[in-house]
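S.K.: I am attaching a structure below and will ask some questions about it afterwards.
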Amino acid sequence: MLKQIEGSQAVADVVALCRPNVIAAYPITPQTHIVEDLALIVGQGKLDAEFVNVESEFSAASVVLGASAAGARTYTATSSQGLLLMAEVINCISGMRLPIVLTCANRAISAPLSIWNDQQDSMAVRDAGWIQLFAEDNQEAADLHIQAYKIAEQTFLPVMVCMDGFILTHAFEAVDIPEQKQVDDFLPPFKPRHIVDPRWPRGIGLYADPRFYMETRYILHRAMEKSEKTIKEVSADFAKKFGRDSGGFIKTYKLKDADVAIVSMGSVVGTIKDLIDQLEEEGKKVGLLQICSYRPFPRQEIYNVLKDKMNIVVLEKCISLGRGGILASDIRWSFPRAEKKDRNISSFIAGLGGRNITADDLRYMVERVEKEPVELEFLGLKKELIADKDL
Amino acid sequence: MNEKAEELDRVEKKDLFGSGHRACGGCGQALAARLVHDAAGENTIACVATGCLEVFSSPYPDPSWRIPFLHSLFENPAAVASGVEAAYKALRKGPVNIIAQAGDGSTADIGFQCISGMFERGHNVLYVCYDNEAYMNTGVQRSSFTPYGAWTSTTPMGNPTRKKNLPLIAADHGIPYVATATVDDFRDLQRKVKTALSIEGPKYIHILVPCPLGWGHSGELTVKICRLAKDTGLFPIFEIREGKITNVQKISVKVPVEEYLKLQGRFRFLFKRGVPTEEVAVIQKIANQNIERFNL
Ligand SMILES: Cc1ncc(C[n+]2csc(CCOP(=O)(O)OP(=O)(O)O)c2C)c(N)n1
Ligand SMILES: [Mg+2]
């Protein structure tokens with residue numbers, strides 16, 4: 001049913017339709033509305049689940065770890081500092097192959113403290129063995145959660161659904177919330193693989209000495225790579241059953257004939273598409289490659305759609321301090337060495353700590369890379385705030 | 001004796017934990033873990049913290065557990081157990097005994113917040129702390145359960161602070177059952193485990209487990225050292241039910257702390273050519289305070 005609701009409410013409603021057994025979360029802006037809404041849904045008896053009001057994100061992650069190991073379908077959500085506090089458990093969850101679903105309401109990280117949006121938080125755990133899916137809008141954020149459970153439970157990999165804080169979580173949009181029956185038909189009950197149960201005593205979380213550890217990481221890496229197939233299948237199946245495209249590996253917009261290809265992910269692609277339409281009217285051919293699955297990284301798909309693009313610009317809301325654009329280096333890595341020659345791949349960092357990314361900023365970026373490649377530039381940087389002695 | 005009392009008093013030996021573990025000879029913690037799980041029985045899930053117990057009992061591929069064992073991190077067994085319990089509730093499985101367990105360092109220091117959360121939320125979980133009074137797994141570093149005066153590798157001049165009193169802190173969370181025990185009295189320890197598991201809600205049992213390696217005593221003295229810890233008043237044995245201290249184990253013949261300290265290398269430097277330094281008097285005072293406070 002089409003509802004005019006807040007993004008957080010849409011996510012909460014859809015998560016409830018996925019029938020998690022155990023939910024544990026700790027409040028942090030901008031994730032709060034999601035878990036408040038879920039607490040109410042559980043409290044009103046509309047969802048038969050245990051809602052565990054934990055004393056920290058570290059415990060939230062540990063509670064869902066324990067619950068998942070005991071055979072429950074689980075859910076948690078966090079942002080920023082909360083995700084960083086979870087980091088130790090986050091790595092454990094994937095190592096233990098527990099199919100937990102987590103929403104990351106993307107937010108900047110301290111210091112300085114900032115409650116506003118960027119994507120540095122989920123980037124900080126990008127190597128942890130979690131599938132990371134990025135939503136463009138609230139409909140996709142909602143849809144991705146339904147897909148996330150299916151992907152996680154088929155691959156035994158945890159899935160992080162990333163949605164831009166405030167921009168999506170607090171925005172009111174029309175979102176189609178499916179019927180319970182539709183979700184039940186799409187998402188079968190969770191069939192755990194190994195659980196703690198006295199009827200079948202087994203050890204979960206044994207330690208591995210140097211004879212065994214490497215193989216566990218290799219298997220996990222291969223599982224991440226192989227999840228590509230599942231992500232695509234689940235997305236295709238979702239399109240068939242729900243009648244709309246969501247998720248998958250990558251999406252493109254007017255990319256085929258484009259002279260300049262913009263690569264980005266998350267909600268900013270909406271603004272980018274608007275600009276592309278405007279520029280088209282002005283006679284410029286600019287296209288978009290949108291990354292939906294950041295981990296596993298769709299290297300081959302990216303190569304396929306970008307191989308004849310010689311002017312590429314990557315726009316991202318995160319940075320590897322001391323290194324540069326993170327997505328940009330992933331994109332640069334997607335081409336064989338020989339094909340990098342004469343190909344311009346520019347890197348722009350934007351929107352850190354909630355700085356607005358305007359159509360004018362994006363227009364400037366396109367005009368800039370039309371002239372020359374840009375190794376690294378902070379878009380919308382206020383130079384007047386930076387003293388010489390700061391540099 | 002009625003049937004219930006008889007069952008409580010029976011010493012259980014089921015070998016649910018132990019076969020093939022790699023603990024040192026005379027390890028108090030290995031003995032305690034065996035007693036705890038044999039008392040709990042097959043219908044039990046062990047949620048274990050990183051630490052000696054985990055390391056000596058759970059190398060892949062041959063763990064020494066015959067009940068389900070779940071380990072993830074050093075500081076989170078209380079939260080993991082909370083999750084297991086929530087799952088059992090939500091899935092309408094059980095009843096099952098869930099025992100979260102960890103060393104003193106995990107319990108008193110890094111995992112303290114998780115434990116407080118588990119107590120406060122009222123999960124039906126028994127938390128067992130194996131107190132060997134230091135971080136043994138990483139090489140005998142000080143924890144906040146390390147007693148006054150003790151040598152550890154990070155208190156080379158002797159520990160300047162007193163032991164944190166977690167049983168009382170646990171009880172002040174309003175949980176229904178708290179107990180202390182040692183590994184010299186199997187019946188008492190197992191009776192406390194069985195009692196705890198018969199009560200709904202969070203429970204805490206604090207077990208003193210001598211560590212020959214870290215305390216510097218020979219393995220065969222483990223049991224004797226436990227007795228002396230009790231008879232000196234340094235480790236009071238009691239239960240707390242619904243906030244009230246009960247079942248205090250009285251000391252029949254009080255022993256000076258010197259007898260306890262002298263057996264352990266970690267206290268050796270408190271004696272100069274066999275003569276106790278003034279630190280020993282401080283420790284005696286701590287024992288006397290315990291005797292008075294708990295009416296031992
Ligand atoms: C977050 C984290 N910090 C530190 C460690 C290292 N570490 C592992 S076991 C341990 C000591 C355990 O001490 P205790 O809980 O008293 O158990 P014991 O080994 O003495 O039985 C430490 C410090 C760790 N595994 N994780
Ligand atoms: Mg210890």
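In the structure tokens, each chain is lettered A, B, ... as it comes, each chain's residues begin at 1, and ligands are numbered from 1 in order of appearance.
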Please write out the residues within 6 Å of ligand 1 as a list in words, counting only C-alpha atoms and all ligand atoms.
M.R.: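 Every residue with an atom at most 6 Å from ligand 1 is listed here: Thr50, Gly51, Cys52, Leu53, Phe74, Ala102, Gly103, Asp104, Gly105, Ser106, Asn132, Ala134, Tyr135, Met136, Asn137 and Thr138 of chain B.
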S.K.: Residues of chain B that approach chain A to 8 Å or less, counting only C-alpha atoms: could you list each one with the shortest pair of atoms and its distance in Å to one decimal, rows by chain and increasing residue number, as CSV?
M.R.:
residue,atom,partner,partner_atom,distance
B:Glu42,CA,A:Pro198,CA,6.6
B:Asn43,CA,A:Pro198,CA,5.4
B:Thr44,CA,A:Pro198,CA,6.2
B:Ile45,CA,A:Pro198,CA,6.7
B:Val55,CA,A:Tyr207,CA,7.5
B:Ser58,CA,A:Leu206,CA,5.2
B:Pro59,CA,A:Tyr207,CA,5.1
B:Tyr60,CA,A:Ala208,CA,5.4
B:Pro61,CA,A:Leu206,CA,7.9
B:Pro63,CA,A:Gly203,CA,7.1
B:Trp65,CA,A:Gly203,CA,7.5
B:Arg66,CA,A:Pro201,CA,6.2
B:Ile67,CA,A:Pro201,CA,4.8
B:Pro68,CA,A:Pro201,CA,4.3
B:Phe69,CA,A:Gly203,CA,4.5
B:Leu70,CA,A:Ile204,CA,4.9
B:His71,CA,A:Gly205,CA,4.7
B:Ser72,CA,A:Gly205,CA,5.6
B:Leu73,CA,A:Val89,CA,7.6
B:Asn76,CA,A:Ser62,CA,6.5
B:Ala79,CA,A:Val63,CA,5.2
B:Val80,CA,A:Gly66,CA,4.3
B:Ala81,CA,A:Gly66,CA,6.2
B:Ser82,CA,A:Val63,CA,6.0
B:Gly83,CA,A:Val63,CA,4.0
B:Val84,CA,A:Ala67,CA,4.5
B:Glu85,CA,A:Ala67,CA,7.4
B:Ala86,CA,A:Glu50,CA,6.1
B:Ala87,CA,A:Ala67,CA,4.9
B:Tyr88,CA,A:Ala70,CA,7.3
B:Lys89,CA,A:Glu50,CA,7.5
B:Ala90,CA,A:Asn21,CA,5.6
B:Leu91,CA,A:Asn21,CA,7.1
B:Gln113,CA,A:Glu55,CA,7.6
B:Cys114,CA,A:Ser59,CA,6.4
B:Gly117,CA,A:Glu55,CA,5.8
B:Arg121,CA,A:Asn53,CA,7.8
S.K.: With only C-alpha atoms and all ligand atoms as the basis for distance, which of B:Tyr177, B:Tyr204, B:Tyr130, B:Trp215 is at the shortest distance from ligand 2?
M.R.: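 Answer, going by the shortest atom-to-atom distance: B:Tyr130.
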S.K.: For A:Thr32, find every residue with an atom within 10 Å (counting only C-alpha atoms), except residues of its own chain fewer than 2 positions away, and show them as number ranges by chain.
M.R.: A: 8, 25-30, 34-37, 77-79, 105, 169
S.K.: Using only C-alpha atoms and all ligand atoms, find the one residue out of B:Met157, B:Val223, B:Ala281, B:Leu208 that sits nearest to ligand 2.
M.R.: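 Between B:Met157, B:Val223, B:Ala281, B:Leu208, the residue approaching ligand 2 most closely is B:Leu208.
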S.K.: Using only C-alpha atoms and all ligand atoms for the distances, tell me which of B:Arg142, B:His37, B:His206, B:Lys93 is nearest to ligand 2.
M.R.: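 Of B:Arg142, B:His37, B:His206, B:Lys93, the one nearest ligand 2, counting only C-alpha atoms and all ligand atoms, is B:Arg142.
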S.K.: Would you give me, as number ranges by chain, the residues in stretch 317-363 of chain A that DSSP reads as strand (DSSP E or B)?
M.R.: A: 320, 324, 344-349
S.K.: Near stretch 273-280 of chain A, counting only C-alpha atoms, which residues have an atom at most 10 Å away, once you skip same-chain residues fewer than 6 positions from it, shown as a short mmCIF file (atom, residue, chain, number, x, y, z; two decimals) with N, CA and C atoms, in the first residue's frame?
M.R.:
data_model
loop_
_atom_site.label_atom_id
_atom_site.label_comp_id
_atom_site.auth_asym_id
_atom_site.auth_seq_id
_atom_site.Cartn_x
_atom_site.Cartn_y
_atom_site.Cartn_z
N TYR A 253 22.34 5.30 -15.65
CA TYR A 253 21.38 6.29 -16.13
C TYR A 253 22.04 7.08 -17.25
N LYS A 254 21.46 6.96 -18.45
CA LYS A 254 21.95 7.67 -19.64
C LYS A 254 23.47 7.52 -19.81
N LEU A 255 23.95 6.33 -19.47
CA LEU A 255 25.40 6.13 -19.48
C LEU A 255 25.93 5.77 -20.87
N ALA A 258 27.25 8.52 -23.00
CA ALA A 258 27.81 9.65 -22.25
C ALA A 258 29.29 9.88 -22.57
N ILE A 262 29.67 9.79 -14.42
CA ILE A 262 29.77 10.05 -12.98
C ILE A 262 29.49 8.73 -12.25
N VAL A 286 26.18 13.42 -20.40
CA VAL A 286 26.75 12.96 -19.13
C VAL A 286 25.88 11.79 -18.66
N GLY A 287 26.52 10.76 -18.11
CA GLY A 287 25.77 9.59 -17.63
C GLY A 287 26.16 9.23 -16.21
N LEU A 288 25.41 8.29 -15.64
CA LEU A 288 25.64 7.91 -14.24
C LEU A 288 25.83 6.41 -14.10
N THR A 358 25.02 20.64 -4.00
CA THR A 358 24.02 21.32 -4.82
C THR A 358 24.22 20.97 -6.29
N ALA A 359 23.19 21.30 -7.09
CA ALA A 359 23.29 21.09 -8.54
C ALA A 359 24.44 21.92 -9.10
N ASP A 360 24.64 23.11 -8.52
CA ASP A 360 25.75 23.96 -8.99
C ASP A 360 27.11 23.30 -8.73
N LEU A 362 27.70 20.17 -8.60
CA LEU A 362 27.87 19.05 -9.53
C LEU A 362 28.19 19.56 -10.94
N ARG A 363 27.54 20.66 -11.31
CA ARG A 363 27.79 21.26 -12.62
C ARG A 363 29.26 21.71 -12.70
N VAL A 366 31.48 18.66 -13.24
CA VAL A 366 31.47 18.15 -14.61
C VAL A 366 32.32 19.06 -15.51
#
S.K.: Which residue, B:Ile169, B:Val193, B:Cys24, B:Cys211, has the smallest gap to ligand 2 when you use only C-alpha atoms and all ligand atoms?
M.R.: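 Counting only C-alpha atoms and all ligand atoms, the residue closest to ligand 2 is B:Cys211.
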S.K.: Atom CA of B:Phe235 and atom CA of B:Thr180 are how many Å apart?
M.R.: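 It comes out at 8.5 Å.
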S.K.: So which residues touch stretch 239-251 of chain A within 10 Å, counting only C-alpha atoms, skipping near sequence neighbours fewer than 2 positions away, as a PyMOL selection string?
M.R.: chain A and resi 133-137+139-145+147-148+176+178+182-183+185-186+228-237+253+255+265+288-299+301-302+305
S.K.: Measuring between only C-alpha atoms, which one of A:Lys389, A:Val101, A:Leu315, A:Leu83 shows the shortest distance to A:Glu377?
M.R.: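 When distances to A:Glu377 are compared using only C-alpha atoms, the smallest one comes from A:Leu315.
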S.K.: What lies within 6 Å of stretch 246-256 of chain B using only C-alpha atoms, ignoring chain neighbours under 4 positions off, as a PDB file with N, CA and C atoms, in the first residue's frame?
M.R.:
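Contents of out.pdb, as written:
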ATOM      1  N   ASP B 231      39.187 -19.528  55.489  1.00  0.00           N
ATOM      2  CA  ASP B 231      39.433 -19.534  56.941  1.00  0.00           C
ATOM      3  C   ASP B 231      40.151 -18.280  57.433  1.00  0.00           C
ATOM      4  N   THR B 232      40.791 -17.551  56.521  1.00  0.00           N
ATOM      5  CA  THR B 232      41.398 -16.273  56.922  1.00  0.00           C
ATOM      6  C   THR B 232      40.380 -15.141  56.881  1.00  0.00           C
ATOM      7  N   ILE B 237      32.278 -16.653  52.132  1.00  0.00           N
ATOM      8  CA  ILE B 237      31.347 -17.511  51.403  1.00  0.00           C
ATOM      9  C   ILE B 237      29.931 -17.214  51.901  1.00  0.00           C
ATOM     10  N   PHE B 238      29.059 -16.818  50.963  1.00  0.00           N
ATOM     11  CA  PHE B 238      27.683 -16.468  51.365  1.00  0.00           C
ATOM     12  C   PHE B 238      26.760 -16.562  50.168  1.00  0.00           C
ATOM     13  N   GLU B 239      25.478 -16.421  50.442  1.00  0.00           N
ATOM     14  CA  GLU B 239      24.490 -16.273  49.382  1.00  0.00           C
ATOM     15  C   GLU B 239      23.744 -14.967  49.627  1.00  0.00           C
ATOM     16  N   ILE B 240      23.230 -14.369  48.583  1.00  0.00           N
ATOM     17  CA  ILE B 240      22.346 -13.219  48.749  1.00  0.00           C
ATOM     18  C   ILE B 240      21.070 -13.526  47.982  1.00  0.00           C
ATOM     19  N   LEU B 296      31.506 -13.693  59.802  1.00  0.00           N
ATOM     20  CA  LEU B 296      32.009 -15.015  59.386  1.00  0.00           C
ATOM     21  C   LEU B 296      32.303 -15.919  60.589  1.00  0.00           C
TER      22      LEU B 296
END
S.K.: So how far away is atom CA of B:Leu234 from atom CA of B:Val282, in Å?
M.R.: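 Atom-to-atom, atom CA of B:Val282 to atom CA of B:Leu234, that is 11.8 Å.
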S.K.: Using Å and a single decimal, report how far atom CA of B:Ala100 sits from atom CA of A:Leu38.
M.R.: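 It comes out at 28.0 Å.
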S.K.: Quick one: residues within 8 Å of A:Phe172, only C-alpha atoms counted, chain neighbours fewer than 4 positions away excluded, as a ChimeraX atom specification?
M.R.: /A:4-7
S.K.: Taking all heavy atoms for each residue, export the selection above as a PDB file, in the first residue's frame.
M.R.:
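Written output follows (selection07.pdb):
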ATOM      1  N   GLN A   4       2.409   7.825   2.550  1.00  0.00           N
ATOM      2  CA  GLN A   4       3.271   8.997   2.622  1.00  0.00           C
ATOM      3  C   GLN A   4       3.906   8.974   4.015  1.00  0.00           C
ATOM      4  O   GLN A   4       3.296   9.424   4.985  1.00  0.00           O
ATOM      5  CB  GLN A   4       2.424  10.259   2.404  1.00  0.00           C
ATOM      6  CG  GLN A   4       3.200  11.560   2.356  1.00  0.00           C
ATOM      7  CD  GLN A   4       4.034  11.702   1.079  1.00  0.00           C
ATOM      8  OE1 GLN A   4       3.745  11.068   0.067  1.00  0.00           O
ATOM      9  NE2 GLN A   4       5.069  12.529   1.136  1.00  0.00           N
ATOM     10  N   ILE A   5       5.101   8.426   4.146  1.00  0.00           N
ATOM     11  CA  ILE A   5       5.689   8.253   5.479  1.00  0.00           C
ATOM     12  C   ILE A   5       7.173   8.608   5.509  1.00  0.00           C
ATOM     13  O   ILE A   5       7.820   8.727   4.474  1.00  0.00           O
ATOM     14  CB  ILE A   5       5.526   6.794   6.013  1.00  0.00           C
ATOM     15  CG1 ILE A   5       5.951   5.778   4.953  1.00  0.00           C
ATOM     16  CG2 ILE A   5       4.123   6.545   6.503  1.00  0.00           C
ATOM     17  CD1 ILE A   5       5.938   4.359   5.459  1.00  0.00           C
ATOM     18  N   GLU A   6       7.659   8.720   6.732  1.00  0.00           N
ATOM     19  CA  GLU A   6       9.074   8.993   6.931  1.00  0.00           C
ATOM     20  C   GLU A   6       9.892   7.754   6.554  1.00  0.00           C
ATOM     21  O   GLU A   6       9.448   6.620   6.771  1.00  0.00           O
ATOM     22  CB  GLU A   6       9.304   9.327   8.406  1.00  0.00           C
ATOM     23  CG  GLU A   6      10.624  10.016   8.683  1.00  0.00           C
ATOM     24  CD  GLU A   6      10.963  10.083  10.162  1.00  0.00           C
ATOM     25  OE1 GLU A   6      10.711   9.106  10.885  1.00  0.00           O
ATOM     26  OE2 GLU A   6      11.508  11.121  10.586  1.00  0.00           O
ATOM     27  N   GLY A   7      11.094   7.967   6.055  1.00  0.00           N
ATOM     28  CA  GLY A   7      11.944   6.856   5.649  1.00  0.00           C
ATOM     29  C   GLY A   7      12.157   5.846   6.769  1.00  0.00           C
ATOM     30  O   GLY A   7      12.112   4.631   6.551  1.00  0.00           O
TER      31      GLY A   7
END
S.K.: Return the single residue from B:Ile225, B:Ile115, B:Val140, B:Val257 that is closest to B:Ile175, with distances computed using only C-alpha atoms.
M.R.: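 Checking each of B:Ile225, B:Ile115, B:Val140, B:Val257 against B:Ile175, counting only C-alpha atoms, the winner is B:Ile115.
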